[in-house]
$ cat final07.cif   # mmCIF, C-alpha atoms
data_final
loop_
_atom_site.label_atom_id
_atom_site.label_comp_id
_atom_site.auth_asym_id
_atom_site.auth_seq_id
_atom_site.Cartn_x
_atom_site.Cartn_y
_atom_site.Cartn_z
CA MET A 1 79.40 133.00 52.90
CA ALA A 2 77.56 129.88 54.04
CA SER A 3 74.98 129.98 56.78
CA THR A 4 72.09 127.80 57.81
CA GLY A 5 71.12 129.97 60.78
CA LYS A 6 67.75 131.60 61.30
CA ALA A 7 67.03 135.10 60.09
CA ARG A 8 68.56 137.69 62.34
CA ASP A 9 65.27 139.24 63.42
CA GLU A 10 63.64 135.96 64.40
CA GLY A 11 63.85 134.49 67.87
CA PRO A 12 64.95 130.89 68.29
CA ASP A 13 62.13 128.34 68.24
CA ARG A 14 63.87 125.83 70.50
CA PRO A 15 62.02 125.78 73.83
CA SER A 16 64.05 126.59 76.92
CA PRO A 17 63.49 124.78 80.22
CA LEU A 18 63.24 128.15 81.95
CA ASP A 19 63.13 131.72 80.71
CA PRO A 20 64.69 134.01 83.33
CA LEU A 21 63.39 137.07 81.46
CA ALA A 22 59.81 135.86 80.94
CA ALA A 23 58.30 138.52 83.19
CA LEU A 24 60.21 141.29 81.40
CA ARG A 25 59.47 140.43 77.78
CA THR A 26 57.30 142.65 75.57
CA PRO A 27 56.35 142.50 71.86
CA HIS A 28 58.77 145.37 71.19
CA ASP A 29 61.87 143.68 72.63
CA ALA A 30 65.08 143.17 70.73
CA PRO A 31 65.00 139.77 69.00
CA TRP A 32 68.05 138.56 70.94
CA ASP A 33 68.99 138.70 74.59
CA VAL A 34 72.76 138.50 74.06
CA TYR A 35 75.05 138.95 71.06
CA LEU A 36 78.71 138.00 70.95
CA THR A 37 81.46 137.44 68.43
CA GLY A 38 84.86 135.76 68.49
CA THR A 39 86.79 132.66 67.52
CA VAL A 40 85.37 129.14 67.86
CA PHE A 41 87.96 126.46 68.62
CA LEU A 42 87.62 122.72 68.78
CA ASP A 43 88.69 121.90 72.34
CA ILE A 44 90.24 118.53 73.11
CA VAL A 45 90.55 118.12 76.87
CA PHE A 46 92.59 115.52 78.75
CA THR A 47 91.78 115.03 82.44
CA GLY A 48 92.86 112.63 85.14
CA LEU A 49 96.54 113.46 84.73
CA ASP A 50 98.55 112.97 87.91
CA SER A 51 100.95 115.79 87.01
CA ALA A 52 102.04 118.04 84.19
CA PRO A 53 103.51 116.19 81.19
CA VAL A 54 107.25 115.68 81.55
CA ARG A 55 109.58 116.18 78.59
CA GLY A 56 110.68 112.96 76.97
CA THR A 57 107.94 110.86 78.57
CA GLU A 58 104.46 109.69 77.60
CA SER A 59 101.54 110.54 79.89
CA TRP A 60 98.22 108.71 79.85
CA ALA A 61 95.05 110.58 80.76
CA ARG A 62 92.18 108.80 82.49
CA GLY A 63 89.59 110.99 80.75
CA MET A 64 89.16 112.83 77.47
CA GLY A 65 86.48 115.02 75.92
CA SER A 66 85.98 117.10 72.77
CA SER A 67 83.67 120.10 72.44
CA PRO A 68 83.39 123.54 70.82
CA GLY A 69 85.60 126.06 72.64
CA GLY A 70 86.69 129.68 72.53
CA VAL A 71 83.71 132.02 72.25
CA ALA A 72 81.48 128.91 72.10
CA ASN A 73 82.02 128.51 75.86
CA MET A 74 80.23 131.78 76.59
CA ALA A 75 77.55 131.32 73.93
CA THR A 76 76.60 127.87 75.19
CA ALA A 77 76.53 128.93 78.82
CA LEU A 78 74.18 131.83 77.97
CA ALA A 79 71.88 129.64 75.86
CA ARG A 80 71.67 126.95 78.56
CA LEU A 81 70.49 129.60 81.01
CA GLY A 82 67.57 130.36 78.72
CA LEU A 83 68.87 133.50 77.02
CA ARG A 84 68.25 133.99 73.30
CA THR A 85 71.82 134.04 72.06
CA SER A 86 73.25 135.15 68.70
CA LEU A 87 76.84 134.41 67.72
CA ALA A 88 78.98 135.78 64.88
CA ALA A 89 82.00 133.58 64.20
CA ALA A 90 84.00 132.04 61.37
CA PHE A 91 83.82 128.24 61.12
CA GLY A 92 86.25 125.97 59.31
CA SER A 93 85.00 123.93 56.35
CA ASP A 94 86.45 120.74 57.88
CA HIS A 95 84.68 118.11 59.99
CA TYR A 96 85.64 119.99 63.15
CA GLY A 97 83.88 123.10 61.88
CA GLU A 98 80.79 121.10 60.90
CA TYR A 99 80.73 119.46 64.32
CA CYS A 100 81.01 122.81 66.13
CA TRP A 101 78.32 124.42 63.97
CA ASP A 102 75.89 121.53 64.47
CA THR A 103 76.56 121.38 68.21
CA LEU A 104 75.93 125.09 68.70
CA GLU A 105 73.00 125.59 66.33
CA GLN A 106 71.12 122.29 66.53
CA GLY A 107 72.26 121.15 69.96
CA GLU A 108 72.14 124.43 71.86
CA GLY A 109 69.69 126.58 69.87
CA ILE A 110 72.23 129.36 69.28
CA ASP A 111 71.51 131.70 66.34
CA LEU A 112 74.37 131.47 63.83
CA SER A 113 72.87 133.64 61.10
CA PRO A 114 75.68 136.24 61.51
CA SER A 115 78.27 133.43 61.26
CA ARG A 116 79.89 131.93 58.18
CA THR A 117 81.77 128.89 56.98
CA VAL A 118 85.12 129.72 55.37
CA PRO A 119 85.97 127.36 52.47
CA GLY A 120 89.41 125.78 52.76
CA TRP A 121 90.06 127.13 56.27
CA HIS A 122 90.70 124.60 59.01
CA SER A 123 89.26 125.00 62.48
CA PRO A 124 91.50 126.30 65.26
CA VAL A 125 92.22 123.57 67.81
CA THR A 126 93.16 123.74 71.49
CA VAL A 127 94.44 120.78 73.50
CA SER A 128 93.91 121.33 77.22
CA MET A 129 95.48 119.19 79.93
CA ALA A 130 93.80 119.44 83.33
CA TYR A 131 95.64 118.46 86.50
CA GLU A 132 95.82 119.60 90.13
CA GLY A 133 92.88 121.94 89.59
CA GLU A 134 94.69 123.87 86.84
CA ARG A 135 95.15 123.45 83.11
CA THR A 136 97.83 123.81 80.46
CA MET A 137 96.79 124.53 76.89
CA VAL A 138 98.38 124.24 73.46
CA SER A 139 96.56 125.84 70.52
CA HIS A 140 96.99 125.89 66.75
CA GLY A 141 95.17 127.84 64.07
CA HIS A 142 95.42 130.36 61.27
CA GLU A 143 93.74 133.74 60.91
CA PRO A 144 90.56 133.53 58.83
CA PRO A 145 90.26 135.80 55.77
CA PRO A 146 90.10 139.48 56.78
CA GLU A 147 86.38 139.98 56.17
CA GLU A 148 84.87 139.31 59.58
CA PRO A 149 81.35 137.87 60.05
CA ALA A 150 79.71 141.32 60.23
CA PRO A 151 81.13 142.30 63.65
CA ASP A 152 80.53 146.00 62.91
CA CYS A 153 76.82 145.43 62.25
CA PRO A 154 75.51 143.39 65.18
CA PRO A 155 71.85 142.42 65.46
CA ARG A 156 69.74 144.27 68.00
CA ALA A 157 70.08 142.65 71.42
CA ARG A 158 69.46 143.42 75.08
CA ALA A 159 73.13 142.86 75.85
CA ALA A 160 76.47 141.97 74.32
CA VAL A 161 79.55 140.33 75.81
CA ALA A 162 82.81 141.81 74.56
CA SER A 163 86.37 140.61 75.05
CA LEU A 164 88.38 143.83 75.27
CA THR A 165 91.81 143.84 73.63
CA PRO A 166 94.44 146.35 74.87
CA GLY A 167 95.28 148.92 72.22
CA ARG A 168 92.50 147.89 69.86
CA VAL A 169 89.04 149.32 69.09
CA ALA A 170 86.28 146.90 68.04
CA PRO A 171 83.74 149.00 66.09
CA TRP A 172 80.91 146.56 66.70
CA ILE A 173 80.93 147.34 70.44
CA ALA A 174 80.01 151.00 69.88
CA GLN A 175 77.46 149.90 67.26
CA ALA A 176 75.80 147.54 69.74
CA ALA A 177 75.80 150.16 72.49
CA ARG A 178 74.14 152.70 70.19
CA LYS A 179 71.42 150.14 69.47
CA GLY A 180 70.71 149.94 73.20
CA ALA A 181 72.69 146.84 74.15
CA ARG A 182 74.14 146.64 77.65
CA ILE A 183 77.83 145.78 77.20
CA PHE A 184 79.59 143.37 79.56
CA GLY A 185 83.35 143.39 79.07
CA ASP A 186 86.05 140.95 80.06
CA VAL A 187 89.74 141.11 79.27
CA GLY A 188 92.75 138.86 78.83
CA TRP A 189 96.34 139.21 79.92
CA ASP A 190 98.11 142.33 78.65
CA ASP A 191 101.20 140.89 76.97
CA SER A 192 102.59 144.41 76.44
CA GLY A 193 102.93 144.87 80.19
CA ALA A 194 101.46 148.39 79.98
CA TRP A 195 98.34 147.68 82.06
CA ASP A 196 96.86 151.04 81.13
CA LEU A 197 93.08 151.44 81.17
CA ALA A 198 93.45 154.10 78.49
CA ARG A 199 94.45 151.24 76.16
CA LEU A 200 90.95 149.76 76.63
CA PRO A 201 89.01 152.45 74.72
CA ASP A 202 85.88 150.30 74.44
CA LEU A 203 85.59 150.18 78.22
CA ARG A 204 83.65 153.46 78.01
CA HIS A 205 80.79 151.58 76.34
CA CYS A 206 80.61 148.93 79.07
CA GLU A 207 78.08 148.67 81.85
CA ALA A 208 80.18 146.06 83.65
CA PHE A 209 83.83 144.99 83.60
CA LEU A 210 84.82 141.54 84.88
CA PRO A 211 88.62 141.05 85.22
CA ASN A 212 90.31 138.63 87.58
CA ALA A 213 92.09 139.88 90.69
CA ASP A 214 95.56 140.01 89.14
CA GLU A 215 94.33 141.92 86.10
CA ALA A 216 92.27 144.32 88.19
CA MET A 217 95.15 145.17 90.53
CA ARG A 218 97.58 145.69 87.67
CA TYR A 219 95.18 147.96 85.80
CA THR A 220 94.50 150.09 88.89
CA GLY A 221 97.91 150.00 90.55
CA THR A 222 96.39 148.71 93.80
CA ASP A 223 97.52 145.86 96.03
CA CYS A 224 94.05 144.66 97.07
CA PRO A 225 91.32 143.19 94.82
CA ARG A 226 88.57 145.06 96.66
CA ALA A 227 90.38 148.36 96.33
CA ALA A 228 90.86 147.56 92.65
CA ALA A 229 87.13 146.97 92.18
CA HIS A 230 86.30 150.34 93.73
CA ALA A 231 88.95 152.05 91.60
CA LEU A 232 87.53 150.49 88.44
CA THR A 233 84.12 152.06 89.09
CA GLU A 234 85.68 155.40 88.17
CA HIS A 235 85.72 154.00 84.61
CA VAL A 236 82.72 151.67 84.46
CA PRO A 237 79.45 151.52 86.48
CA VAL A 238 79.84 147.91 87.69
CA ALA A 239 83.15 146.24 88.51
CA VAL A 240 83.32 142.51 89.23
CA VAL A 241 86.65 141.05 90.34
CA THR A 242 86.99 137.28 90.44
CA LEU A 243 89.18 135.92 93.22
CA GLY A 244 89.66 132.29 92.20
CA ALA A 245 89.18 129.94 95.13
CA GLU A 246 88.16 132.90 97.30
CA GLY A 247 85.07 133.77 95.25
CA ALA A 248 84.34 137.21 93.83
CA TYR A 249 83.78 140.83 94.85
CA ALA A 250 81.65 143.42 93.04
CA VAL A 251 80.76 147.10 93.27
CA ASP A 252 77.87 148.94 91.59
CA ARG A 253 78.63 152.66 91.48
CA ARG A 254 75.06 153.54 90.48
CA THR A 255 73.32 151.92 93.44
CA GLY A 256 76.14 151.94 95.98
CA GLU A 257 75.84 148.15 96.34
CA THR A 258 78.85 146.01 97.17
CA ALA A 259 78.87 142.23 97.34
CA SER A 260 81.33 139.55 98.36
CA VAL A 261 80.56 135.89 97.74
CA PRO A 262 82.92 133.02 98.62
CA ALA A 263 83.54 130.25 96.12
CA ILE A 264 81.63 126.98 96.38
CA GLU A 265 83.99 124.12 97.20
CA VAL A 266 83.78 121.39 94.57
CA GLU A 267 86.07 118.72 93.22
CA ALA A 268 87.16 120.19 89.88
CA LEU A 269 87.44 117.78 86.98
CA ASP A 270 88.18 120.40 84.32
CA PRO A 271 88.33 124.19 84.89
CA THR A 272 88.24 124.98 81.14
CA GLY A 273 85.71 127.73 80.44
CA ALA A 274 84.75 128.35 84.08
CA GLY A 275 85.42 132.07 83.70
CA ASP A 276 83.11 132.23 80.67
CA VAL A 277 80.35 130.44 82.58
CA PHE A 278 80.80 132.90 85.45
CA VAL A 279 80.29 135.85 83.09
CA ALA A 280 77.23 134.16 81.58
CA GLY A 281 75.70 133.72 85.01
CA PHE A 282 76.34 137.34 85.91
CA VAL A 283 74.84 138.58 82.62
CA THR A 284 71.74 136.44 83.18
CA GLY A 285 71.16 137.85 86.66
CA SER A 286 71.81 141.38 85.45
CA LEU A 287 69.28 141.16 82.62
CA ALA A 288 66.77 139.63 85.04
CA GLY A 289 67.22 142.61 87.38
CA TRP A 290 68.51 140.70 90.40
CA PRO A 291 70.35 142.42 93.27
CA LEU A 292 74.13 142.51 92.94
CA ALA A 293 74.76 139.87 95.62
CA ASP A 294 72.36 137.42 93.94
CA ARG A 295 73.99 137.99 90.55
CA LEU A 296 77.41 137.33 92.03
CA ALA A 297 76.29 134.21 93.90
CA PHE A 298 74.57 132.83 90.82
CA ALA A 299 77.64 133.44 88.65
CA GLY A 300 79.83 131.60 91.15
CA LEU A 301 77.38 128.70 91.37
CA THR A 302 77.18 128.19 87.61
CA ALA A 303 80.98 128.29 87.36
CA ALA A 304 81.33 125.75 90.20
CA LEU A 305 78.88 123.36 88.56
CA SER A 306 80.71 123.66 85.24
CA VAL A 307 84.12 122.50 86.49
CA GLN A 308 82.66 119.12 87.45
CA GLU A 309 82.20 118.15 83.79
CA PHE A 310 84.49 117.79 80.76
CA GLY A 311 84.96 120.61 78.28
CA GLY A 312 84.48 124.36 78.35
CA SER A 313 81.18 124.78 76.48
CA LEU A 314 79.38 121.49 77.08
CA SER A 315 80.16 121.56 80.81
CA ALA A 316 77.92 124.62 81.30
CA PRO A 317 74.97 123.82 83.58
CA GLY A 318 71.30 124.12 82.65
CA TRP A 319 68.45 125.10 84.93
CA ALA A 320 67.63 121.50 85.82
CA GLU A 321 71.13 121.03 87.21
CA ILE A 322 70.93 124.32 89.09
CA GLY A 323 67.58 123.29 90.56
CA ALA A 324 68.90 119.85 91.49
CA TRP A 325 71.87 121.45 93.28
CA TRP A 326 69.57 123.78 95.23
CA ARG A 327 67.30 120.93 96.35
CA ARG A 328 70.26 118.73 97.26
CA VAL A 329 72.16 121.36 99.23
CA GLN A 330 69.12 122.11 101.38
CA SER A 331 68.97 118.46 102.45
CA VAL A 332 72.56 118.34 103.71
CA GLU A 333 72.61 118.05 107.50
CA GLY A 334 74.52 120.73 109.36
CA GLN A 335 74.45 123.14 106.43
CA ASP A 336 75.50 126.67 107.33
CA PRO A 337 72.25 128.73 107.54
CA SER A 338 74.02 131.82 106.20
CA ALA A 339 75.18 129.87 103.16
CA LEU A 340 71.63 128.70 102.48
CA ARG A 341 70.33 132.26 102.78
CA ARG A 342 72.92 133.37 100.21
CA TYR A 343 71.20 131.19 97.58
CA ALA A 344 67.62 131.51 98.84
CA PHE A 345 66.74 133.60 95.78
CA LEU A 346 66.87 130.37 93.75
CA ALA A 347 63.61 129.27 95.41
CA ASP A 348 61.82 131.94 93.40
CA VAL A 349 63.60 131.01 90.17
CA VAL A 350 63.68 127.22 89.86
CA SER A 351 60.57 125.11 90.18
CA GLU A 352 59.52 121.52 90.66
CA GLU A 353 58.86 121.36 86.92
CA LEU A 354 62.62 121.12 86.51
CA VAL A 355 62.97 117.89 88.50
CA ARG A 356 63.42 115.93 85.28
CA PRO A 357 66.90 116.60 83.91
CA TRP A 358 67.19 118.58 80.70
CA PRO A 359 69.14 116.40 78.23
CA LEU A 360 72.35 118.36 77.91
CA ARG A 361 75.07 117.44 75.45
CA ARG A 362 78.41 116.62 77.05
CA ALA A 363 81.93 116.53 75.67
CA VAL A 364 82.68 113.21 73.98
CA PRO A 365 86.04 111.45 73.51
CA THR A 366 85.67 111.04 69.76
CA ILE A 367 83.58 113.06 67.30
CA GLY A 368 82.19 111.63 64.09
CA PHE A 369 80.42 108.51 65.39
CA ARG A 370 77.08 107.96 63.70
CA ARG A 371 74.06 107.28 65.88
CA SER A 372 72.96 103.67 65.55
CA ALA A 373 69.58 103.12 63.91
#

$ encode --input "final07.cif" --output "C-alpha cells"
Amino acid sequence: MASTGKARDEGPDRPSPLDPLAALRTPHDAPWDVYLTGTVFLDIVFTGLDSAPVRGTESWARGMGSSPGGVANMATALARLGLRTSLAAAFGSDHYGEYCWDTLEQGEGIDLSPSRTVPGWHSPVTVSMAYEGERTMVSHGHEPPPEEPAPDCPPRARAAVASLTPGRVAPWIAQAARKGARIFGDVGWDDSGAWDLARLPDLRHCEAFLPNADEAMRYTGTDCPRAAAHALTEHVPVAVVTLGAEGAYAVDRRTGETASVPAIEVEALDPTGAGDVFVAGFVTGSLAGWPLADRLAFAGLTAALSVQEFGGSLSAPGWAEIGAWWRRVQSVEGQDPSALRRYAFLADVVSEELVRPWPLRRAVPTIGFRRSA
C-alpha cells in the first residue's frame, strides 16, 4: 500500500477561499466534512462535435480535455466548495494514476490517506464525446485486487456520499452512519430491471436520496417525478429528484418542506459530471443548515456552472466563480425579480473578498508536459 496523504485524523492545511461551515465548527468536530469512496478514472473528453460519430468515418473534435473522473468528480466538487474531503480509492501505478493522485491531493487539497496505489494495475480510462448537450462514453479498465482501500473502516466525518448499488450491501455505509455521518445516497441505472427499493438495503442509512426523474419513477411505480419524490420519503427523510432541463424537486419529510427550482439556462460545453456537482452543492447546503429551497437552488447553480467547462472534476466551480455569477446576474437588465430572489441567499454567503478569481485547475488536452523554468 502506497500513500502520501495526510494522517486520517488531521484536517487539510490547504486554505479554502471560503468555509461554508465556519460558523458551525467546534474543537470536537470530526476531522473531515465528507468521506467518499469509489473508482477514479482518467477522463478524456472530446467536445465541439457536430454529431455523434458515424461508423466507418473519422470525426474531428474542436476541443479536448483530460482530468480525473469517476468518484474524483464528486470529491473535487466538494473540496472546491470548501469542504474538508477525504477519499478512499485505488490508483493505478501508471502515469495516469500519478497524474490523478497529484491533481486531487496537491491541486485540490483532498485527503488521500485512505487511498492506495496498486503496483502493476493500470488506471481505468473513459473517453467521453460531448455533442448536442449530451454525451456518449466508452470506458476500459480492470478490477483492482480484491482488498479495497479500507471502505469498511471510514474516517470520522460529518457526512458521506454513497453510490448505492442494487442488490449489494456496502459495509462502510453502516460503519459511517454509526460514527455519526449523515449519508447522502445516489444511484445508477438498475440493469436488472427490477427497480425494487428493497434491493437498496443501504438506503435505510441515508438522510437523503438523489435519483433522477426516470429512476425515481421506476423505483416508486409513479408516473410523475413529484409524486415519486413524495413516495420516496416513506423510505428516506429527504428525497431530491433531478429533472434535467426542468430543474429539480425535493421533499423533506421531517420539516414538511417542499421545493421546486427550475434549471438555469446555459450553453453546455460538456455535461460530464454535472450530476456529481449537483450532489456536492446539495451536500454543502445541507451541512451548512440552509433551507431546502436554497440547497436545491445552489445545487442547480453549481451544476450549471460546471457544464460550461471541460471535464467532470476540473469543471466544478469554486466560490469565486459562484460569487462572480451572482454579481453578474444582478447587473443584467430586465432580470426576473423572482429569479433574483431565488438566489438572494448568496448575498450572505459570498463576499467582495472573492472578487479575485481562485486559480482553479482545468482539464488540459495533454498530460505530462513539464512546467517551463

$ closest_residue --input "final07.cif" --among "A:His28, A:Arg80, A:Arg218, A:Arg253" --to "Gly281 of chain A" --atoms "only C-alpha atoms"
A:Arg80

$ resolve_selection --input "final07.cif" --expression "the PyMOL selection byres ((chain A and resi 99) around 9)" --output "ChimeraX atom specification"
/A:42,67-68,94-98,100-104,367-368

$ atom_distance --input "final07.cif" --atom1 "atom CA of Pro27 of chain A" --atom2 "atom CA of Ala89 of chain A"
28.2 Å

$ resolve_selection --input "final07.cif" --expression "the PyMOL selection byres ((chain A and resi 43) around 12)" --output "short mmCIF file (atom, residue, chain, number, x, y, z; two decimals) with C-alpha atoms, in the frame of the given file"
data_model
loop_
_atom_site.label_atom_id
_atom_site.label_comp_id
_atom_site.auth_asym_id
_atom_site.auth_seq_id
_atom_site.Cartn_x
_atom_site.Cartn_y
_atom_site.Cartn_z
CA THR A 39 86.79 132.66 67.52
CA VAL A 40 85.37 129.14 67.86
CA PHE A 41 87.96 126.46 68.62
CA LEU A 42 87.62 122.72 68.78
CA ILE A 44 90.24 118.53 73.11
CA VAL A 45 90.55 118.12 76.87
CA PHE A 46 92.59 115.52 78.75
CA MET A 64 89.16 112.83 77.47
CA GLY A 65 86.48 115.02 75.92
CA SER A 66 85.98 117.10 72.77
CA SER A 67 83.67 120.10 72.44
CA PRO A 68 83.39 123.54 70.82
CA GLY A 69 85.60 126.06 72.64
CA GLY A 70 86.69 129.68 72.53
CA VAL A 71 83.71 132.02 72.25
CA ALA A 72 81.48 128.91 72.10
CA ASN A 73 82.02 128.51 75.86
CA TYR A 96 85.64 119.99 63.15
CA GLY A 97 83.88 123.10 61.88
CA TYR A 99 80.73 119.46 64.32
CA CYS A 100 81.01 122.81 66.13
CA SER A 123 89.26 125.00 62.48
CA PRO A 124 91.50 126.30 65.26
CA VAL A 125 92.22 123.57 67.81
CA THR A 126 93.16 123.74 71.49
CA VAL A 127 94.44 120.78 73.50
CA SER A 128 93.91 121.33 77.22
CA MET A 129 95.48 119.19 79.93
CA MET A 137 96.79 124.53 76.89
CA VAL A 138 98.38 124.24 73.46
CA SER A 139 96.56 125.84 70.52
CA HIS A 140 96.99 125.89 66.75
CA THR A 272 88.24 124.98 81.14
CA GLY A 273 85.71 127.73 80.44
CA PHE A 310 84.49 117.79 80.76
CA GLY A 311 84.96 120.61 78.28
CA GLY A 312 84.48 124.36 78.35
CA SER A 313 81.18 124.78 76.48
CA LEU A 314 79.38 121.49 77.08
CA ALA A 363 81.93 116.53 75.67
CA VAL A 364 82.68 113.21 73.98
CA PRO A 365 86.04 111.45 73.51
CA THR A 366 85.67 111.04 69.76
CA ILE A 367 83.58 113.06 67.30
#

$ residues_near_point --input "final07.cif" --point "(63.4, 130.8, 87.6)" --cutoff "9 Å" --atoms "only C-alpha atoms" --output "VMD selection string"
chain A and resid 18 to 21 319 346 to 351

$ resolve_selection --input "final07.cif" --expression "the PyMOL selection byres ((chain A and resi 325) around 12)" --output "PyMOL selection string"
chain A and resi 264+266+298+301-302+304-305+317-324+326-332+340+343+346-347+350+354-355+357

$ atom_distance --input "final07.cif" --atom1 "atom CA of Thr76 of chain A" --atom2 "atom CA of Asp202 of chain A"
24.3 Å

$ atom_distance --input "final07.cif" --atom1 "atom CA of Arg254 of chain A" --atom2 "atom CA of Ala174 of chain A"
21.3 Å

$ closest_residue --input "final07.cif" --among "A:Gly38, A:Glu333, A:Val238, A:His205" --to "Glu143 of chain A" --atoms "all atoms listed in the file"
A:Gly38
